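Reproduced below: input-v5.cif, with mmCIF, C-alpha atoms.
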data_run
#
loop_
_atom_site.label_atom_id
_atom_site.label_comp_id
_atom_site.auth_asym_id
_atom_site.auth_seq_id
_atom_site.Cartn_x
_atom_site.Cartn_y
_atom_site.Cartn_z
CA MET O 115 -45.33 -10.86 10.51
CA THR O 116 -46.09 -7.17 10.45
CA ARG O 117 -43.69 -4.64 11.77
CA PRO O 118 -44.91 -1.12 12.40
CA LEU O 119 -44.86 0.84 9.15
CA ALA O 120 -42.59 3.54 10.63
CA LEU O 121 -39.93 0.98 11.47
CA ARG O 122 -40.15 -0.64 8.07
CA LEU O 123 -39.57 2.70 6.42
CA LEU O 124 -36.89 3.87 8.83
CA LEU O 125 -34.77 0.74 8.70
CA PRO O 126 -33.62 1.11 5.08
CA LEU O 127 -33.10 4.82 5.66
CA ALA O 128 -30.91 4.11 8.68
CA ALA O 129 -28.97 1.49 6.70
CA PHE O 130 -28.48 4.01 3.92
CA ALA O 131 -27.28 6.66 6.36
CA VAL O 132 -24.68 4.27 7.81
CA LEU O 133 -23.48 3.31 4.34
CA ALA O 134 -23.32 6.93 3.22
CA ALA O 135 -21.30 7.87 6.32
CA LEU O 136 -18.84 5.03 5.67
CA LEU O 137 -18.42 5.90 2.00
CA GLY O 138 -18.09 9.59 2.90
CA ALA O 139 -15.27 8.79 5.31
CA GLY O 140 -13.65 6.73 2.55
CA LEU O 141 -13.79 9.68 0.17
CA LYS O 142 -12.06 11.92 2.66
CA SER O 143 -9.20 9.58 3.45
CA ASP O 144 -6.19 10.11 1.22
CA PRO O 145 -5.17 6.89 -0.57
CA GLN O 146 -1.63 8.25 -0.93
CA ALA O 147 -1.23 8.62 2.84
CA LEU O 148 0.13 5.21 3.75
CA PRO O 149 1.11 4.29 7.27
CA SER O 150 4.86 3.84 7.45
CA ALA O 151 5.99 0.32 8.19
CA LEU O 152 9.05 1.84 9.85
CA ILE O 153 7.58 3.72 12.83
CA GLY O 154 9.05 2.34 16.05
CA LYS O 155 11.70 0.40 14.16
CA PRO O 156 15.41 1.12 13.82
CA ALA O 157 16.21 3.45 10.94
CA PRO O 158 17.84 1.37 8.19
CA ALA O 159 21.60 1.79 8.03
CA PHE O 160 23.34 3.18 4.98
CA LYS O 161 26.67 4.63 3.98
CA LEU O 162 26.40 7.13 1.17
CA ALA O 163 28.59 9.77 -0.42
CA ARG O 164 27.94 13.36 0.60
CA LEU O 165 26.60 15.82 -1.91
CA ASP O 166 29.06 18.55 -0.88
CA ASP O 167 32.06 16.23 -0.95
CA ALA O 168 31.77 12.90 -2.72
CA ALA O 169 35.00 11.71 -1.09
CA ARG O 170 33.29 11.74 2.30
CA ALA O 171 30.55 9.37 3.34
CA PHE O 172 27.84 9.70 5.95
CA GLU O 173 26.26 6.99 8.11
CA PRO O 174 23.24 7.51 10.41
CA GLN O 175 25.31 6.05 13.23
CA GLU O 176 27.33 9.25 13.38
CA LEU O 177 24.26 10.96 14.82
CA ARG O 178 23.67 8.43 17.61
CA GLY O 179 22.67 10.05 20.87
CA LYS O 180 20.63 12.92 19.49
CA PRO O 181 17.43 13.23 17.50
CA TRP O 182 17.63 14.29 13.88
CA VAL O 183 15.46 14.95 10.89
CA PHE O 184 15.84 12.95 7.70
CA ASN O 185 14.33 14.59 4.64
CA VAL O 186 14.08 12.93 1.23
CA TRP O 187 14.31 15.42 -1.61
CA ALA O 188 15.38 15.79 -5.24
CA SER O 189 16.08 18.60 -7.66
CA TRP O 190 13.44 17.23 -10.04
CA CYS O 191 10.77 17.21 -7.36
CA THR O 192 8.47 20.20 -7.69
CA SER O 193 6.71 19.82 -4.35
CA CYS O 194 10.12 19.91 -2.68
CA ARG O 195 10.29 23.57 -3.67
CA GLN O 196 7.02 24.06 -1.84
CA GLU O 197 8.40 22.78 1.47
CA HIS O 198 11.84 24.31 1.05
CA SER O 199 11.13 27.54 2.94
CA VAL O 200 9.63 25.49 5.79
CA LEU O 201 12.81 23.43 5.99
CA LEU O 202 14.95 26.58 5.90
CA ASP O 203 12.93 27.94 8.84
CA LEU O 204 13.34 24.70 10.76
CA SER O 205 17.09 24.65 10.17
CA ARG O 206 17.43 28.24 11.40
CA ARG O 207 15.93 27.21 14.73
CA GLY O 208 18.81 24.76 15.20
CA LEU O 209 16.67 22.18 17.01
CA ALA O 210 18.24 19.19 15.35
CA PRO O 211 20.48 18.27 12.43
CA ILE O 212 18.58 17.93 9.17
CA VAL O 213 20.04 15.32 6.86
CA GLY O 214 18.90 15.32 3.26
CA LEU O 215 18.66 12.28 1.03
CA ASP O 216 19.04 13.49 -2.54
CA TYR O 217 16.91 10.76 -4.11
CA MET O 218 17.44 9.47 -7.66
CA ASP O 219 19.25 12.65 -8.55
CA GLY O 220 22.56 13.78 -10.00
CA THR O 221 25.31 15.51 -8.01
CA GLU O 222 25.31 18.63 -10.16
CA ALA O 223 21.54 18.98 -10.32
CA GLY O 224 21.30 18.49 -6.56
CA ALA O 225 24.03 21.03 -5.80
CA ALA O 226 22.49 23.53 -8.23
CA PHE O 227 19.09 23.15 -6.53
CA LEU O 228 20.57 23.97 -3.11
CA GLY O 229 22.62 26.83 -4.59
CA LYS O 230 19.49 28.38 -6.04
CA HIS O 231 16.96 27.80 -3.26
CA GLY O 232 19.20 27.77 -0.18
CA ASN O 233 20.52 24.85 1.84
CA PRO O 234 18.57 23.84 4.95
CA TYR O 235 20.57 20.66 5.40
CA THR O 236 23.36 19.95 7.83
CA LEU O 237 24.46 17.66 5.04
CA SER O 238 22.93 15.77 2.14
CA VAL O 239 23.81 12.36 0.81
CA LEU O 240 23.33 10.99 -2.69
CA ASP O 241 21.09 8.05 -3.50
CA PRO O 242 21.21 7.93 -7.30
CA GLY O 243 19.78 4.42 -7.61
CA GLY O 244 17.09 4.94 -4.99
CA ARG O 245 18.35 1.95 -3.03
CA THR O 246 18.34 3.67 0.37
CA GLY O 247 14.98 5.21 -0.51
CA ILE O 248 13.59 1.70 -0.90
CA ASP O 249 15.01 0.74 2.51
CA TYR O 250 13.12 3.69 4.01
CA GLY O 251 9.94 2.76 2.17
CA VAL O 252 9.98 6.02 0.22
CA VAL O 253 6.96 6.27 -2.06
CA GLY O 254 7.03 9.84 -3.30
CA VAL O 255 9.40 12.70 -2.69
CA PRO O 256 9.39 14.63 -0.40
CA GLU O 257 9.16 12.54 2.74
CA THR O 258 10.36 13.45 6.20
CA PHE O 259 11.37 11.23 9.09
CA VAL O 260 12.22 12.06 12.69
CA ILE O 261 14.76 9.67 14.18
CA ASP O 262 15.57 9.58 17.88
CA GLY O 263 18.91 9.29 19.67
CA GLN O 264 18.64 5.50 19.75
CA GLY O 265 18.29 5.45 15.99
CA VAL O 266 14.58 4.57 16.04
CA VAL O 267 12.15 6.10 13.53
CA ARG O 268 9.58 8.05 15.55
CA TYR O 269 7.63 9.93 12.93
CA LYS O 270 7.11 10.06 9.21
CA PHE O 271 5.42 12.61 7.02
CA SER O 272 4.73 12.08 3.32
CA GLY O 273 4.41 15.06 1.04
CA PRO O 274 5.56 18.67 1.31
CA LEU O 275 5.96 19.83 4.90
CA THR O 276 3.82 22.73 6.00
CA ALA O 277 4.72 25.26 8.69
CA GLU O 278 1.70 23.93 10.61
CA GLN O 279 2.93 20.35 10.48
CA VAL O 280 6.36 21.39 11.70
CA GLU O 281 4.89 23.51 14.51
CA GLN O 282 2.38 20.91 15.68
CA LYS O 283 4.26 17.67 15.21
CA ILE O 284 7.94 17.92 14.46
CA VAL O 285 9.04 20.68 16.84
CA PRO O 286 7.19 19.24 19.88
CA LEU O 287 8.53 15.77 19.08
CA LEU O 288 12.12 17.03 18.77
CA LYS O 289 11.79 18.92 22.06
CA GLU O 290 10.40 15.84 23.75
CA LEU O 291 13.22 13.69 22.36
CA HIS O 292 15.80 16.18 23.60
CA ARG O 293 14.30 16.02 27.09
CA GLY O 294 13.96 12.25 27.19
CA MET T 186 -14.18 -40.31 -20.36
CA VAL T 187 -10.59 -41.17 -19.40
CA GLU T 188 -9.65 -41.16 -23.06
CA ALA T 189 -11.20 -37.76 -23.52
CA SER T 190 -9.44 -36.19 -20.58
CA ARG T 191 -6.13 -37.62 -21.80
CA HIS T 192 -6.68 -36.04 -25.16
CA TRP T 193 -7.56 -32.79 -23.53
CA ARG T 194 -4.46 -32.83 -21.43
CA ARG T 195 -2.27 -33.61 -24.39
CA TRP T 196 -3.72 -30.67 -26.29
CA VAL T 197 -3.29 -28.29 -23.41
CA GLY T 198 0.28 -29.48 -22.90
CA LEU T 199 1.06 -29.08 -26.56
CA THR T 200 -0.47 -25.62 -26.74
CA LEU T 201 1.47 -24.48 -23.68
CA LEU T 202 4.68 -25.87 -25.11
CA ILE T 203 4.18 -24.12 -28.42
CA GLY T 204 3.37 -20.93 -26.54
CA LEU T 205 6.48 -21.12 -24.41
CA VAL T 206 8.82 -21.99 -27.25
CA GLY T 207 7.20 -19.47 -29.54
CA PHE T 208 7.13 -16.50 -27.23
CA GLU T 209 9.94 -17.06 -24.80
CA GLY T 210 12.21 -19.48 -26.54
CA THR T 211 12.93 -21.16 -23.21
CA SER T 212 12.47 -24.67 -21.94
CA ALA T 213 9.30 -25.43 -20.03
CA ALA T 214 11.17 -27.43 -17.39
CA ALA T 215 11.76 -24.78 -14.69
CA PRO T 216 10.71 -21.15 -14.56
CA SER T 217 13.55 -19.00 -15.84
CA ASP T 218 14.93 -16.13 -13.78
CA ALA T 219 12.99 -13.64 -15.86
CA GLU T 220 9.78 -15.55 -15.22
CA ARG T 221 10.40 -15.61 -11.50
CA VAL T 222 11.09 -11.87 -11.48
CA GLN T 223 7.91 -11.33 -13.48
CA ARG T 224 5.87 -13.53 -11.13
CA VAL T 225 7.04 -11.68 -8.02
CA ALA T 226 6.71 -8.28 -9.68
CA GLU T 227 3.11 -9.02 -10.65
CA GLN T 228 2.21 -9.59 -7.01
CA LEU T 229 3.66 -6.31 -5.80
CA ARG T 230 1.80 -3.06 -5.99
CA CYS T 231 3.52 -0.01 -7.39
CA VAL T 232 3.03 2.28 -4.40
CA VAL T 233 3.24 5.47 -6.47
CA CYS T 234 0.79 4.37 -9.15
CA GLN T 235 -1.42 2.30 -6.92
CA ASN T 236 -3.51 0.50 -9.49
CA GLN T 237 -0.57 -1.04 -11.27
CA SER T 238 1.81 -3.75 -10.23
CA ILE T 239 5.52 -3.04 -10.37
CA ALA T 240 5.63 -5.39 -13.36
CA GLU T 241 3.40 -3.05 -15.37
CA SER T 242 4.55 0.35 -14.20
CA GLN T 243 7.27 2.47 -15.74
CA ALA T 244 7.48 4.81 -12.72
CA PRO T 245 11.10 5.22 -11.57
CA LEU T 246 10.28 3.61 -8.24
CA ALA T 247 8.72 0.58 -9.95
CA VAL T 248 11.79 0.23 -12.15
CA ALA T 249 14.04 0.40 -9.07
CA LEU T 250 11.88 -2.14 -7.25
CA ARG T 251 11.95 -4.53 -10.21
CA GLU T 252 15.72 -4.21 -10.23
CA GLN T 253 15.70 -4.99 -6.51
CA VAL T 254 13.58 -8.11 -7.09
CA ARG T 255 15.89 -9.24 -9.91
CA GLU T 256 19.05 -8.75 -7.82
CA GLN T 257 17.68 -10.55 -4.80
CA LEU T 258 16.39 -13.53 -6.75
CA ALA T 259 19.69 -13.73 -8.61
CA SER T 260 21.60 -13.77 -5.33
CA GLY T 261 19.59 -16.78 -4.22
CA ALA T 262 16.70 -15.31 -2.21
CA SER T 263 13.40 -17.18 -2.39
CA GLU T 264 10.30 -15.50 -3.78
CA ALA T 265 8.82 -15.40 -0.27
CA GLN T 266 11.93 -13.68 1.07
CA VAL T 267 11.69 -10.99 -1.59
CA MET T 268 8.02 -10.40 -0.73
CA ASP T 269 8.96 -10.13 2.97
CA PHE T 270 11.63 -7.59 2.11
CA MET T 271 8.99 -5.42 0.42
CA VAL T 272 6.41 -5.81 3.20
CA GLN T 273 8.99 -4.77 5.81
CA ARG T 274 9.54 -1.53 3.93
CA TYR T 275 6.17 -0.70 2.48
CA GLY T 276 3.74 -2.62 4.69
CA ASP T 277 1.06 -5.10 3.63
CA PHE T 278 -0.19 -2.53 1.17
CA VAL T 279 2.44 -3.57 -1.40
CA LEU T 280 0.86 -6.98 -1.66
CA TYR T 281 -1.91 -7.19 -4.21
CA LYS T 282 -3.31 -10.12 -2.31
CA PRO T 283 -3.53 -8.99 1.32
CA PRO T 284 -2.54 -11.60 3.93
CA LEU T 285 -5.28 -13.15 6.05
CA LYS T 286 -4.92 -11.84 9.61
CA PRO T 287 -7.26 -10.38 12.24
CA VAL T 288 -7.07 -6.83 10.82
CA THR T 289 -7.94 -8.00 7.33
CA ALA T 290 -10.62 -10.54 8.31
CA LEU T 291 -13.44 -8.13 7.41
CA LEU T 292 -11.83 -7.51 4.05
CA TRP T 293 -11.72 -11.23 3.31
CA PHE T 294 -15.04 -12.33 4.74
CA GLY T 295 -17.04 -9.09 4.56
CA PRO T 296 -18.43 -9.68 1.06
CA ALA T 297 -19.42 -13.27 1.87
CA LEU T 298 -21.08 -12.10 5.10
CA MET T 299 -23.01 -9.40 3.28
CA GLY T 300 -24.04 -11.93 0.64
CA ALA T 301 -25.22 -14.37 3.31
CA PHE T 302 -27.15 -11.57 5.03
CA GLY T 303 -28.85 -10.64 1.75
CA LEU T 304 -29.72 -14.24 0.96
CA GLY T 305 -31.12 -14.64 4.47
CA LEU T 306 -33.38 -11.61 3.98
CA LEU T 307 -34.49 -12.89 0.58
CA TRP T 308 -35.22 -16.35 1.99
CA ARG T 309 -37.37 -14.88 4.76
CA ARG T 310 -39.24 -12.71 2.30
CA VAL T 311 -39.94 -15.61 -0.05
CA ARG T 312 -41.10 -17.80 2.82
CA GLN T 313 -43.40 -15.10 4.13
CA GLN T 314 -44.95 -14.53 0.72
CA SER T 315 -45.42 -18.20 -0.12
CA GLY T 316 -46.92 -18.61 3.38
CA ARG T 317 -49.44 -15.94 2.56
CA GLY T 318 -50.06 -17.64 -0.79
CA ASP T 319 -50.89 -20.92 0.97
CA ASP T 320 -53.43 -19.12 3.09
CA ASP T 321 -55.08 -17.74 -0.02
CA ASP T 322 -55.24 -21.22 -1.58
CA LYS T 323 -56.82 -22.77 1.48
CA HIS T 324 -59.30 -19.97 1.53
CA ALA T 325 -60.08 -20.57 -2.14
CA VAL T 326 -60.52 -24.33 -1.65
CA ALA T 327 -62.85 -23.70 1.25
CA LEU T 328 -64.92 -21.39 -0.90
CA ASP T 329 -64.87 -23.69 -3.91
CA GLY T 330 -65.55 -26.79 -1.90
CA PRO T 331 -69.29 -26.60 -1.47
CA VAL T 332 -69.73 -25.61 -5.13
CA LYS T 333 -67.90 -28.71 -6.34
CA VAL T 334 -69.68 -31.01 -3.91
CA ASN T 335 -73.06 -30.09 -5.27
CA PRO T 336 -73.33 -31.08 -8.89
#
What would the structure in this file look like if it were written as structure tokens?
Amino acid sequence: MTRPLALRLLLPLAAFAVLAALLGAGLKSDPQALPSALIGKPAPAFKLARLDDAARAFEPQELRGKPWVFNVWASWCTSCRQEHSVLLDLSRRGLAPIVGLDYMDGTEAGAAFLGKHGNPYTLSVLDPGGRTGIDYGVVGVPETFVIDGQGVVRYKFSGPLTAEQVEQKIVPLLKELHRG
Amino acid sequence: MVEASRHWRRWVGLTLLIGLVGFEGTSAAAPSDAERVQRVAEQLRCVVCQNQSIAESQAPLAVALREQVREQLASGASEAQVMDFMVQRYGDFVLYKPPLKPVTALLWFGPALMGAFGLGLLWRRVRQQSGRGDDDDKHAVALDGPVKVNP
């Protein structure tokens, strides 16, 4: 059985090219970027004390009927400082309430962080044990969710928000949710 | 043969017993709560430090997840229920052993398929070459033949 020489030489080369392309794509994909198991599902319920007033509690149900942004942050989280100005910008636009989940953090440290860097949140709640974080499948802080008026998680972003991300994904989604 | 395997079993049993009593100080009858927690934790990936299980990792999230596993088992949940709880929140990725379903079929059978493909290629190669070898032999016999016939 003799195949033409050209084909015999080209076949391994083609196989190599395919393999290289696959491995190259694998290198580019970020192993930390995990698909959220929550998209399209109801946002888990919780009832947590507020950072500004521990005597008051907040439940997601209070925001039924309108879209809102849920941002997981902590005073010990350095990349949260990176996204902070982006969140402040978003809050100034008044598109939707931004609720903060102060994750595995202390009341004083959390309050001091907001005092120093500014407070983009409509309100923040405390999750010292990280229990609610687990319910939301939080892997690393910061993480941001967009939740619609029916209480369904529509979007999740892991890592520090960029102005680009907000402009291209979050703002259009919030506008769409307001319309629908 | 039967004798031997009985001996073997006795030795293994004895060794295990000594191990359990020595290291854990617990009875070997039923897995203790700590052992169940450990067993579940070993099957769950620490999503922050992806190459460790939550049993090995000291990351705050792993500690919180271990606590979660402990609480749920203590309150009567089965090991499968605890695993489900984690998958609902973190997806199949938390499982060190991914479940067999259409999306993961390639993951499960891919290596075997590639192996079979390679063996197939090898088999064809070997057959081709031995085929060529046979031809050479026949050729040689044909050449030698007349020489041997005439003394």
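Counting only C-alpha atoms, segment 158-164 of chain O has the following residues at most 10 Å away, ignoring those fewer than 5 positions along the same chain: Leu152, Ala169, Arg170, Ala171, Phe172, Glu173, Pro174, Gln175, Gly214, Leu215, Asp216, Thr221, Leu237, Ser238, Val239, Leu240, Asp241, Pro242, Arg245, Thr246, Gly247, Asp249, Tyr250, Gly265, Val266 and Val267 of chain O; Arg274 of chain T.
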Exercise. What does the PyMOL selection byres ((chain T) within 7 of (chain O)) select in this file, as an MDAnalysis selection string?
Worked result: chainID T and resid 232:233 249 273:276
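Our summary of the geometry notes that atom CA of Thr236 of chain O is positioned 27.3 Å from atom CA of Pro245 of chain T.
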For this session: Please indicate the distance in Å from atom CA of Pro211 of chain O to atom CA of Val183 of chain O, rounded to one decimal place.
Result: 6.2 Å
For this session: Determine the residue set returned by the PyMOL selection byres ((chain O and resi 184) around 8) for the present structure, and present it as a VMD selection string.
Result: chain O and resid 182 to 183 185 to 186 212 to 215 258 to 261
Exercise. Neighbours of Glu290 of chain O within 12 Å (only C-alpha atoms; same-chain residues fewer than 3 positions away dropped), as number ranges by chain?
Worked result: O: 180-181, 209-210, 260, 262-263, 268, 283-287, 293-294
Would you save the residues of that selection, restricted to C-alpha atoms, as a CSV table (one decimal), in the coordinates of the input?
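part01.csv, freshly written:
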chain,number,residue,atom,x,y,z
O,180,LYS,CA,20.6,12.9,19.5
O,181,PRO,CA,17.4,13.2,17.5
O,209,LEU,CA,16.7,22.2,17.0
O,210,ALA,CA,18.2,19.2,15.4
O,260,VAL,CA,12.2,12.1,12.7
O,262,ASP,CA,15.6,9.6,17.9
O,263,GLY,CA,18.9,9.3,19.7
O,268,ARG,CA,9.6,8.0,15.6
O,283,LYS,CA,4.3,17.7,15.2
O,284,ILE,CA,7.9,17.9,14.5
O,285,VAL,CA,9.0,20.7,16.8
O,286,PRO,CA,7.2,19.2,19.9
O,287,LEU,CA,8.5,15.8,19.1
O,293,ARG,CA,14.3,16.0,27.1
O,294,GLY,CA,14.0,12.2,27.2
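Interatomic distance, atom CA of Asn233 of chain O against atom CA of Leu202 of chain O: 7.1 Å.
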Exercise. Got a sec: who's within 10 Å of segment 282-287 of chain T, counting only C-alpha atoms, leaving out chain neighbours fewer than 4 positions off, as a list of chain:residue names?
Worked result: T:Gln228, T:Leu229, T:Arg230, T:Asp277, T:Phe278, T:Leu291, T:Leu292, T:Trp293, T:Phe294
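Within the file as shown, the PyMOL selection byres ((chain T and resi 220-225) around 9) identifies Pro216, Ser217, Asp218, Ala219, Ala226, Glu227, Gln228, Leu229, Ala240, Arg251, Val254, Arg255, Leu258, Glu264, Ala265, Val267 and Met268 of chain T.
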Draw an axis-aligned box over all listed atoms of segment 230-237 of chain O, pad each side with 4 Å, and write its centre and edge lengths in Å, one decimal, as JSON.
{"center_x": 20.7, "center_y": 23.0, "center_z": 0.9, "size_x": 15.5, "size_y": 18.7, "size_z": 21.9}
